[in-house]
>>> print(open('run.txt').read())   # compact mmCIF, C-alpha atoms
# COMPACT_ATOMS: atom_id res chain seq x y z
CA MET A 724 145.58 110.79 85.54
CA LYS A 725 145.41 106.99 85.40
CA ARG A 726 141.88 107.16 84.11
CA LEU A 727 142.88 109.69 81.48
CA LEU A 728 145.69 107.41 80.30
CA GLY A 729 143.29 104.49 80.04
CA LEU A 730 140.85 106.61 78.11
CA LEU A 731 143.60 107.74 75.75
CA ILE A 732 144.71 104.15 75.08
CA LEU A 733 141.12 103.05 74.48
CA PHE A 734 140.55 105.97 72.12
CA THR A 735 143.73 105.15 70.14
CA VAL A 736 142.80 101.48 69.91
CA VAL A 737 139.26 102.26 68.71
CA ILE A 738 140.45 104.75 66.08
CA GLY A 739 143.20 102.37 64.95
CA LEU A 740 140.76 99.48 64.63
CA ALA A 741 138.35 101.67 62.71
CA LEU A 742 141.10 102.69 60.29
CA TYR A 743 142.31 99.10 59.97
CA LEU A 744 138.89 97.61 59.44
CA SER A 745 137.51 100.41 57.26
CA LEU A 746 135.40 98.79 54.58
CA PRO A 747 136.07 99.37 50.89
CA THR A 748 133.62 101.85 49.43
CA GLN A 749 130.85 100.45 47.29
CA GLU A 750 131.36 101.65 43.73
CA ASN A 751 128.28 100.34 41.97
CA LEU A 752 124.70 99.73 43.03
CA ARG A 753 123.85 96.16 43.89
CA SER A 754 121.24 94.65 41.65
CA LEU A 755 118.69 94.30 44.46
CA GLY A 756 119.09 97.97 45.46
CA GLU A 757 118.76 99.01 41.84
CA PHE A 758 115.56 96.98 41.51
CA TYR A 759 114.07 98.61 44.62
CA LEU A 760 115.05 102.10 43.44
CA LYS A 761 113.57 101.58 40.00
CA ASN A 762 110.38 99.80 41.01
CA SER A 763 109.35 100.84 44.50
CA TYR A 764 107.49 103.97 43.42
CA PHE A 765 107.36 104.32 39.65
CA GLY A 766 107.77 100.86 38.21
CA ASN A 767 105.41 98.08 37.27
CA TYR A 768 105.84 96.34 40.61
CA SER A 769 105.19 99.49 42.65
CA ALA A 770 103.11 99.59 45.82
CA LYS A 771 101.98 103.08 44.72
CA SER A 772 103.21 104.55 47.99
CA PRO A 773 105.61 107.53 48.15
CA GLU A 774 107.14 106.12 51.35
CA VAL A 775 109.61 103.53 50.08
CA VAL A 776 110.53 102.15 53.51
CA THR A 777 106.93 101.20 54.28
CA SER A 778 106.39 99.72 50.85
CA ILE A 779 109.52 97.58 51.19
CA LEU A 780 108.61 96.56 54.75
CA TRP A 781 105.02 95.54 54.08
CA ASP A 782 105.12 94.83 50.35
CA TYR A 783 108.44 93.58 49.03
CA ARG A 784 109.41 91.97 52.32
CA GLY A 785 105.86 91.54 53.64
CA VAL A 786 106.20 87.91 54.70
CA ASP A 787 109.37 88.82 56.58
CA THR A 788 107.52 91.57 58.47
CA LEU A 789 104.59 89.25 59.12
CA PHE A 790 106.92 86.77 60.82
CA GLU A 791 108.63 89.58 62.76
CA THR A 792 105.21 90.65 63.99
CA SER A 793 104.43 87.09 65.05
CA VAL A 794 107.72 86.94 66.98
CA PHE A 795 106.78 90.16 68.78
CA PHE A 796 103.37 88.76 69.67
CA LEU A 797 104.86 85.53 70.93
CA ALA A 798 107.10 87.63 73.19
CA ILE A 799 104.05 89.51 74.54
CA ILE A 800 102.17 86.23 75.07
CA GLY A 801 105.21 84.87 76.90
CA SER A 802 105.34 87.81 79.28
CA LEU A 803 101.57 87.60 79.85
CA THR A 804 101.99 83.94 80.79
CA ILE A 805 104.79 84.71 83.24
CA PHE A 806 102.59 87.29 84.97
CA ARG A 807 99.56 85.05 85.25
CA VAL A 808 97.78 86.64 88.20
CA GLU A 809 94.29 85.60 89.21
CA MET A 810 92.40 88.81 89.90
CA LYS A 811 89.79 87.55 92.36
CA LYS A 812 89.61 90.78 94.34
CA LYS A 813 86.93 92.97 92.80
CA GLU A 814 87.31 96.21 94.75
CA ARG A 815 89.81 98.45 93.10
CA GLY A 816 92.10 101.02 94.58
CA GLU A 817 91.62 104.73 94.36
CA ALA A 818 92.65 106.39 91.12
CA LYS A 819 93.93 109.58 92.66
CA SER A 820 97.31 111.09 92.01
CA SER A 821 99.43 111.75 95.06
CA LEU A 822 101.87 113.86 93.09
CA PRO A 823 101.85 117.67 93.21
CA LEU A 824 99.26 119.38 91.03
CA PRO A 825 101.27 120.22 87.85
CA VAL A 826 102.17 116.58 87.24
CA PRO A 827 98.67 115.06 86.83
CA VAL A 828 97.39 118.10 84.90
CA VAL A 829 100.27 118.00 82.41
CA THR A 830 99.97 114.22 82.16
CA LYS A 831 96.30 114.51 81.18
CA PHE A 832 97.17 117.04 78.50
CA ILE A 833 100.13 115.11 77.10
CA ALA A 834 98.33 111.75 77.14
CA THR A 835 95.55 113.27 75.03
CA LEU A 836 98.10 114.79 72.66
CA LEU A 837 99.91 111.46 72.38
CA LEU A 838 96.77 109.73 71.12
CA ALA A 839 96.52 112.23 68.26
CA ILE A 840 100.25 112.17 67.49
CA SER A 841 100.49 108.38 67.48
CA ALA A 842 97.42 108.08 65.26
CA SER A 843 98.97 110.54 62.82
CA ILE A 844 102.26 108.58 62.83
CA ALA A 845 100.41 105.37 62.05
CA LEU A 846 97.93 106.73 59.48
CA HIS A 847 100.63 108.65 57.63
CA GLY A 848 102.86 105.60 57.39
CA GLN A 849 102.27 105.17 53.65
CA VAL A 850 103.07 108.84 52.87
CA THR A 851 105.76 109.97 55.30
CA PRO A 852 108.23 108.09 57.50
CA GLY A 853 106.46 106.33 60.34
CA GLY A 854 104.14 103.38 60.35
CA GLY A 855 102.15 101.00 62.47
CA PHE A 856 104.85 99.80 64.83
CA GLN A 857 106.21 103.27 65.55
CA GLY A 858 102.71 104.68 66.03
CA GLY A 859 101.76 101.81 68.34
CA ALA A 860 104.89 102.29 70.42
CA ALA A 861 104.06 106.01 70.75
CA LEU A 862 100.47 105.12 71.66
CA ALA A 863 101.64 102.82 74.47
CA VAL A 864 103.44 105.74 76.13
CA ALA A 865 100.07 107.37 76.97
CA PRO A 866 98.86 104.61 79.38
CA LEU A 867 102.40 104.36 80.74
CA LEU A 868 102.35 108.07 81.65
CA ILE A 869 98.91 107.71 83.23
CA ILE A 870 100.11 104.72 85.27
CA ALA A 871 103.11 106.74 86.46
CA ALA A 872 101.18 109.91 87.33
CA TYR A 873 97.99 108.38 88.74
CA SER A 874 97.96 104.61 89.16
CA LYS A 875 96.89 101.64 87.14
CA TYR A 876 93.43 101.96 88.69
CA ALA A 877 92.91 105.20 86.76
CA LEU A 878 92.99 103.11 83.58
CA GLU A 879 91.00 100.20 84.98
CA ASN A 880 88.23 102.35 86.45
CA ASN A 881 87.83 103.93 83.01
CA GLY A 882 87.42 100.55 81.36
CA LEU A 883 90.86 99.73 80.00
CA ASP A 884 91.89 96.63 81.89
CA LYS A 885 94.22 93.79 80.94
CA THR A 886 91.54 91.64 79.31
CA LYS A 887 90.36 94.46 77.09
CA ALA A 888 93.90 95.28 76.02
CA ILE A 889 94.50 91.63 75.09
CA VAL A 890 91.23 91.54 73.12
CA LEU A 891 92.24 94.70 71.21
CA ARG A 892 95.65 93.19 70.50
CA SER A 893 94.02 90.02 69.15
CA ILE A 894 91.74 92.11 66.91
CA GLY A 895 94.82 93.83 65.48
CA LEU A 896 96.62 90.55 64.85
CA LEU A 897 93.50 89.02 63.28
CA GLY A 898 93.16 92.06 61.04
CA ILE A 899 96.73 91.69 59.78
CA VAL A 900 96.16 88.01 58.98
CA LEU A 901 92.84 88.74 57.23
CA ILE A 902 94.39 91.50 55.11
CA ALA A 903 97.21 89.13 54.20
CA LEU A 904 94.76 86.40 53.17
CA ALA A 905 92.14 88.62 51.51
CA PRO A 906 93.74 88.57 48.01
CA LEU A 907 93.31 84.77 47.89
CA LEU A 908 89.53 85.30 47.60
CA SER A 909 89.85 87.19 44.32
CA GLY A 910 92.38 84.91 42.73
CA GLY A 911 95.57 86.62 43.87
CA TYR A 912 98.36 85.29 46.05
CA ALA A 913 98.81 85.84 49.79
CA MET A 914 99.87 89.39 50.76
CA GLN A 915 99.37 90.64 47.20
CA ASN A 916 98.91 94.38 47.12
CA GLN A 917 98.35 96.36 43.99
CA PRO A 918 95.59 95.07 41.72
CA ILE A 919 93.52 93.99 44.74
CA PHE A 920 93.52 97.05 46.99
CA PRO A 921 92.85 100.62 45.72
CA ALA A 922 95.96 102.77 45.38
CA GLU A 923 94.24 105.97 46.48
CA ALA A 924 90.94 107.27 47.77
CA LEU A 925 89.67 110.88 47.55
CA GLY A 926 93.08 111.99 46.27
CA VAL A 927 94.96 110.56 49.25
CA PRO A 928 97.56 107.91 48.37
CA LEU A 929 96.74 104.79 50.38
CA GLY A 930 99.50 102.55 49.11
CA GLY A 931 97.01 99.72 48.56
CA SER A 932 97.05 97.38 51.55
CA LEU A 933 99.83 99.25 53.37
CA VAL A 934 97.43 101.58 55.20
CA TYR A 935 95.34 98.67 56.53
CA TYR A 936 98.43 96.80 57.71
CA ASN A 937 99.58 99.98 59.46
CA ILE A 938 96.23 100.53 61.20
CA PHE A 939 96.03 96.97 62.53
CA GLU A 940 99.69 96.93 63.55
CA PHE A 941 99.12 100.24 65.39
CA LEU A 942 96.22 98.75 67.31
CA ALA A 943 98.02 95.50 68.08
CA VAL A 944 101.34 96.99 69.20
CA GLY A 945 99.72 99.73 71.30
CA ALA A 946 97.34 97.33 73.05
CA GLY A 947 100.02 94.66 73.53
CA PHE A 948 102.40 97.05 75.24
CA THR A 949 99.52 98.44 77.34
CA ALA A 950 98.65 94.94 78.57
CA VAL A 951 102.26 94.34 79.64
CA PHE A 952 102.49 97.74 81.36
CA LEU A 953 99.25 97.05 83.25
CA LEU A 954 100.68 93.77 84.50
CA LEU A 955 103.99 95.35 85.49
CA ALA A 956 102.13 98.01 87.48
CA ILE A 957 100.35 95.57 89.81
CA PRO A 958 101.25 96.55 93.39
CA GLU A 959 103.14 93.87 95.26
CA GLU A 960 100.63 93.67 98.11
CA GLU A 961 97.91 92.54 95.76
CA PHE A 962 99.30 89.11 95.10
CA LYS A 963 101.47 88.65 98.16
CA GLY A 964 98.56 87.34 100.21
CA LYS A 965 97.36 85.01 97.47
CA GLY A 966 100.45 82.85 97.59
CA GLY A 967 102.73 83.21 94.63
CA ALA A 968 104.04 80.32 92.59
CA TYR A 969 107.16 80.07 94.72
CA GLU A 970 105.34 79.45 98.01
CA MET B 1130 110.76 141.18 57.55
CA SER B 1131 112.37 137.82 56.79
CA GLU B 1132 115.76 139.17 57.90
CA ILE B 1133 114.38 140.22 61.27
CA LEU B 1134 112.90 136.75 61.70
CA PHE B 1135 116.22 135.18 60.68
CA TYR B 1136 118.30 137.18 63.16
CA LEU B 1137 115.76 136.71 65.96
CA GLY B 1138 115.64 132.95 65.34
CA ALA B 1139 119.42 132.63 65.12
CA PHE B 1140 119.78 134.64 68.35
CA MET B 1141 117.36 132.31 70.13
CA ILE B 1142 119.29 129.25 68.91
CA ILE B 1143 122.53 130.77 70.24
CA ILE B 1144 120.83 131.40 73.60
CA GLY B 1145 119.87 127.73 73.54
CA GLY B 1146 123.49 126.68 73.04
CA ILE B 1147 124.66 128.86 75.92
CA CYS B 1148 121.91 127.51 78.19
CA ASP B 1149 122.90 123.95 77.28
CA ILE B 1150 126.54 124.62 78.21
CA PHE B 1151 125.52 126.20 81.54
CA GLY B 1152 123.15 123.32 82.21
CA ALA B 1153 125.89 120.76 81.53
CA ILE B 1154 128.41 122.58 83.75
CA GLY B 1155 125.81 122.91 86.50
CA LEU B 1156 124.92 119.22 86.26
CA LEU B 1157 128.59 118.37 86.85
CA ARG B 1158 129.48 120.97 89.47
CA PHE B 1159 126.38 121.60 91.63
CA PRO B 1160 126.56 120.05 95.09
CA ASN B 1161 123.37 118.00 95.49
CA PHE B 1162 120.48 116.41 93.66
CA TYR B 1163 117.90 119.19 94.01
CA ILE B 1164 120.20 121.91 92.66
CA ARG B 1165 121.37 119.62 89.85
CA LEU B 1166 117.71 119.19 88.94
CA HIS B 1167 117.62 122.96 88.49
CA ALA B 1168 120.59 122.75 86.10
CA ALA B 1169 118.88 119.98 84.14
CA THR B 1170 115.77 122.12 83.78
CA VAL B 1171 117.88 125.04 82.55
CA GLY B 1172 119.20 122.61 79.94
CA THR B 1173 115.73 121.56 78.78
CA ILE B 1174 113.80 124.84 78.93
CA GLY B 1175 116.60 127.15 77.90
CA GLY B 1176 118.42 124.65 75.75
CA ALA B 1177 115.54 122.98 73.94
CA VAL B 1178 112.38 125.09 74.12
CA ILE B 1179 113.91 128.46 73.18
CA PRO B 1180 115.90 127.04 70.21
CA LEU B 1181 112.75 125.25 69.03
CA PHE B 1182 110.84 128.55 69.03
CA GLY B 1183 113.88 130.08 67.29
CA THR B 1184 113.78 127.35 64.63
CA SER B 1185 110.12 128.09 64.10
CA LEU B 1186 110.86 131.82 63.53
CA LEU B 1187 113.79 130.93 61.27
CA ALA B 1188 111.61 128.65 59.16
CA LEU B 1189 108.93 131.34 58.87
CA GLY B 1190 111.56 133.77 57.61
CA ALA B 1191 113.08 131.37 55.06
CA ASP B 1192 111.19 131.95 51.82
CA PHE B 1193 113.19 129.37 49.85
CA LEU B 1194 112.15 126.54 52.18
CA PRO B 1195 109.47 124.12 50.95
CA HIS B 1196 106.77 123.37 53.57
CA LYS B 1197 108.01 126.19 55.76
CA TYR B 1198 104.73 126.49 57.66
CA ALA B 1199 104.78 122.79 58.45
CA ILE B 1200 108.33 123.05 59.85
CA ALA B 1201 107.48 126.19 61.84
CA GLY B 1202 104.29 124.68 63.25
CA ALA B 1203 105.92 121.37 64.15
CA SER B 1204 108.79 123.03 66.02
CA PHE B 1205 106.40 125.40 67.82
CA VAL B 1206 104.16 122.54 68.98
CA THR B 1207 107.18 120.47 70.05
CA GLY B 1208 108.48 123.48 72.00
CA VAL B 1209 105.15 123.91 73.80
CA ILE B 1210 105.05 120.20 74.71
CA VAL B 1211 108.59 120.28 76.12
CA LEU B 1212 107.76 123.53 77.93
CA LEU B 1213 104.88 121.75 79.67
CA ALA B 1214 106.53 118.39 80.25
CA ALA B 1215 109.93 119.45 81.60
CA PRO B 1216 108.72 121.29 84.74
CA ALA B 1217 106.18 118.55 85.46
CA GLY B 1218 108.88 115.89 85.21
CA ALA B 1219 111.27 117.87 87.42
CA THR B 1220 108.50 118.41 89.97
CA ALA B 1221 107.68 114.71 90.01
CA LEU B 1222 111.35 113.77 90.44
CA ALA B 1223 111.95 116.24 93.27
CA TYR B 1224 108.71 115.26 95.03
CA ALA B 1225 109.42 111.53 94.77
CA THR B 1226 113.00 111.94 95.98
CA HIS B 1227 111.91 114.05 98.93
CA LYS B 1228 109.12 111.67 99.85
CA ALA B 1229 111.33 108.57 99.65
CA LYS B 1230 114.07 110.37 101.63
CA LEU B 1231 116.69 109.21 99.14
CA VAL B 1232 118.71 112.41 99.26
CA LYS B 1233 119.74 114.40 102.32
CA TRP B 1234 117.55 117.48 102.63
CA GLU B 1235 119.81 120.41 103.43
CA PRO B 1236 118.16 123.65 102.31
CA LYS B 1237 119.91 127.00 102.56
CA VAL B 1238 116.54 128.72 102.98
CA ASP B 1239 113.42 126.89 104.11
CA ASP B 1240 110.49 129.26 103.81
CA LEU B 1241 107.95 126.73 105.01
CA ALA B 1242 109.86 126.10 108.24
CA GLU B 1243 110.20 129.86 108.85
CA VAL B 1244 106.47 130.39 108.38
CA ARG B 1245 105.74 127.54 110.76
CA ARG B 1246 108.14 128.95 113.34
CA ASN B 1247 106.52 132.39 113.21
CA ASP B 1248 103.00 131.05 113.68
>>> encode(input="run.txt", output="structure tokens")
Amino acid sequence: MKRLLGLLILFTVVIGLALYLSLPTQENLRSLGEFYLKNSYFGNYSAKSPEVVTSILWDYRGVDTLFETSVFFLAIIGSLTIFRVEMKKKERGEAKSSLPLPVPVVTKFIATLLLAISASIALHGQVTPGGGFQGGAALAVAPLLIIAAYSKYALENNGLDKTKAIVLRSIGLLGIVLIALAPLLSGGYAMQNQPIFPAEALGVPLGGSLVYYNIFEFLAVGAGFTAVFLLLAIPEEEFKGKGGAYE
Amino acid sequence: MSEILFYLGAFMIIIGGICDIFGAIGLLRFPNFYIRLHAATVGTIGGAVIPLFGTSLLALGADFLPHKYAIAGASFVTGVIVLLAAPAGATALAYATHKAKLVKWEPKVDDLAEVRRND
């Protein structure tokens, strides 16, 4: 009863505050919104991409997104530095699942499906909602599932270890920077899109540089998350004997 | 034809709603972890997979819908994925809990123990 009373009071306060603070409705379009609506797809400044969110993210506010990406990569680098573990031991553990049979079988199936789904999210980013970051985040779920169902050795024995993930991530980041700087070679400005990159190929709208940004972001985000997951999955025994930083 | 698909799809979505309610009640009222896991699986299989298949039938029957095959296919594939993933997840949870001895194991019927006793 006491809890119910508290809940009732909280509910009343929240509703009252919402009524009190309710914002005045916007009557007219702001000039910036009007500009985006008029120009993002049809106008002279268009990125020639039907997906307005992606074109605003990577085209109108491209520098903003570039810096956001750098912040994300700094965060990944920071966590990699915290987990600096010297892997001297060469023999690796067994990559067998100890879970009952349905779990590893379904994991195999879903991890394969996830690769296709995440690639489609990333490659469709200039046509439908989605994009590089979302696709990369979906991609990173596949190694996470494999780590949970088997172990991290299942990934490492098949050639995807921490170093490789970091290399892939660096390739993605380098690709983004190169695409951003490429227009400078032909007399444009940095991150310029339309006259430099083709708007469509074989009847598929590419959105100029948007598709390349999405592909590299996909690679970089997926590999970055994978590297962090691999580090988080290190069993405790492996670096207990080596003497951690606190000993 | 499209009316049959509509009613079949709508019926499956209603079944999904009922299963979700039963799953939620079971999750609140069942006595221990393992039986609650059963209620949760009722909520995912009955409450998500069947309505997704129903949505797919409904979309196939709706002639006015643009991209109706895309919607039907997407919901069918999503349903199949959930149908595969939910039992695997429940199995993993139950196995891990039993192995780590986190929850008291008090079965009403233990077939394995009976078989062992009879041997």
>>> residues_around(input="run.txt", residues="Gly895 in chain A", least_positions_apart="6", cutoff="12 Å", atoms="all atoms listed in the file", output="ChimeraX atom specification")
/A:792-793,796,855-856,859,888-889,901-902,935-947
>>> atom_distance(input="run.txt", atom1="CA of Ile1174 in chain B", atom2="CA of Leu838 in chain A")
24.1 Å
>>> closest_atom_pairs(input="run.txt", of="chain B", to="chain A", cutoff="8 Å", atoms="only C-alpha atoms", output="CSV")
residue,atom,partner,partner_atom,distance
B:Ile1210,CA,A:Ile833,CA,7.5
B:Leu1213,CA,A:Val829,CA,6.5
B:Ala1214,CA,A:Val829,CA,6.6
B:Ala1217,CA,A:Val826,CA,4.8
B:Gly1218,CA,A:Val826,CA,7.0
B:Thr1220,CA,A:Val826,CA,7.1
B:Ala1221,CA,A:Val826,CA,6.4
B:Tyr1224,CA,A:Leu822,CA,7.2
>>> atom_distance(input="run.txt", atom1="CA of Gly926 in chain A", atom2="CA of Leu846 in chain A")
15.0 Å
>>> closest_residue(input="run.txt", among="B:Val1206, B:Ile1147, B:Met1130, B:Leu1166", to="Leu1222 in chain B", atoms="all atoms listed in the file")
B:Leu1166
>>> residues_around(input="run.txt", residues="range 928-931 of chain A", least_positions_apart="6", cutoff="10 Å", atoms="only C-alpha atoms", output="PyMOL selection string")
chain A and resi 764+769-774+777-778+782+846-850+915-922
>>> write_last_selection(input="run.txt", atoms="C-alpha atoms", output="PDB file, keeping the file's coordinate frame")
ATOM      1  CA  TYR A 764     107.490 103.970  43.420  1.00  0.00           C
ATOM      2  CA  SER A 769     105.190  99.490  42.650  1.00  0.00           C
ATOM      3  CA  ALA A 770     103.110  99.590  45.820  1.00  0.00           C
ATOM      4  CA  LYS A 771     101.980 103.080  44.720  1.00  0.00           C
ATOM      5  CA  SER A 772     103.210 104.550  47.990  1.00  0.00           C
ATOM      6  CA  PRO A 773     105.610 107.530  48.150  1.00  0.00           C
ATOM      7  CA  GLU A 774     107.140 106.120  51.350  1.00  0.00           C
ATOM      8  CA  THR A 777     106.930 101.200  54.280  1.00  0.00           C
ATOM      9  CA  SER A 778     106.390  99.720  50.850  1.00  0.00           C
ATOM     10  CA  ASP A 782     105.120  94.830  50.350  1.00  0.00           C
ATOM     11  CA  LEU A 846      97.930 106.730  59.480  1.00  0.00           C
ATOM     12  CA  HIS A 847     100.630 108.650  57.630  1.00  0.00           C
ATOM     13  CA  GLY A 848     102.860 105.600  57.390  1.00  0.00           C
ATOM     14  CA  GLN A 849     102.270 105.170  53.650  1.00  0.00           C
ATOM     15  CA  VAL A 850     103.070 108.840  52.870  1.00  0.00           C
ATOM     16  CA  GLN A 915      99.370  90.640  47.200  1.00  0.00           C
ATOM     17  CA  ASN A 916      98.910  94.380  47.120  1.00  0.00           C
ATOM     18  CA  GLN A 917      98.350  96.360  43.990  1.00  0.00           C
ATOM     19  CA  PRO A 918      95.590  95.070  41.720  1.00  0.00           C
ATOM     20  CA  ILE A 919      93.520  93.990  44.740  1.00  0.00           C
ATOM     21  CA  PHE A 920      93.520  97.050  46.990  1.00  0.00           C
ATOM     22  CA  PRO A 921      92.850 100.620  45.720  1.00  0.00           C
ATOM     23  CA  ALA A 922      95.960 102.770  45.380  1.00  0.00           C
TER      24      ALA A 922
END
>>> atom_distance(input="run.txt", atom1="CA of Ser1204 in chain B", atom2="CA of Leu1187 in chain B")
10.5 Å
>>> residues_around(input="run.txt", residues="His1167 in chain B", least_positions_apart="6", cutoff="9 Å", atoms="all atoms listed in the file", output="number ranges by chain")
B: 1152, 1155-1156, 1219
>>> residues_around(input="run.txt", residues="Tyr1136 in chain B", least_positions_apart="5", cutoff="12 Å", atoms="all atoms listed in the file", output="list in words")
Met1130, Ser1131, Met1141, Ile1142, Ile1143, Gly1183, Thr1184, Leu1186, Leu1187, Ala1188, Leu1189, Gly1190 and Ala1191 of chain B
>>> residues_around(input="run.txt", residues="Leu1181 in chain B", least_positions_apart="3", cutoff="7 Å", atoms="all atoms listed in the file", output="list in words")
Ala1177, Val1178, Thr1184, Ser1185, Ser1204, Phe1205 and Gly1208 of chain B
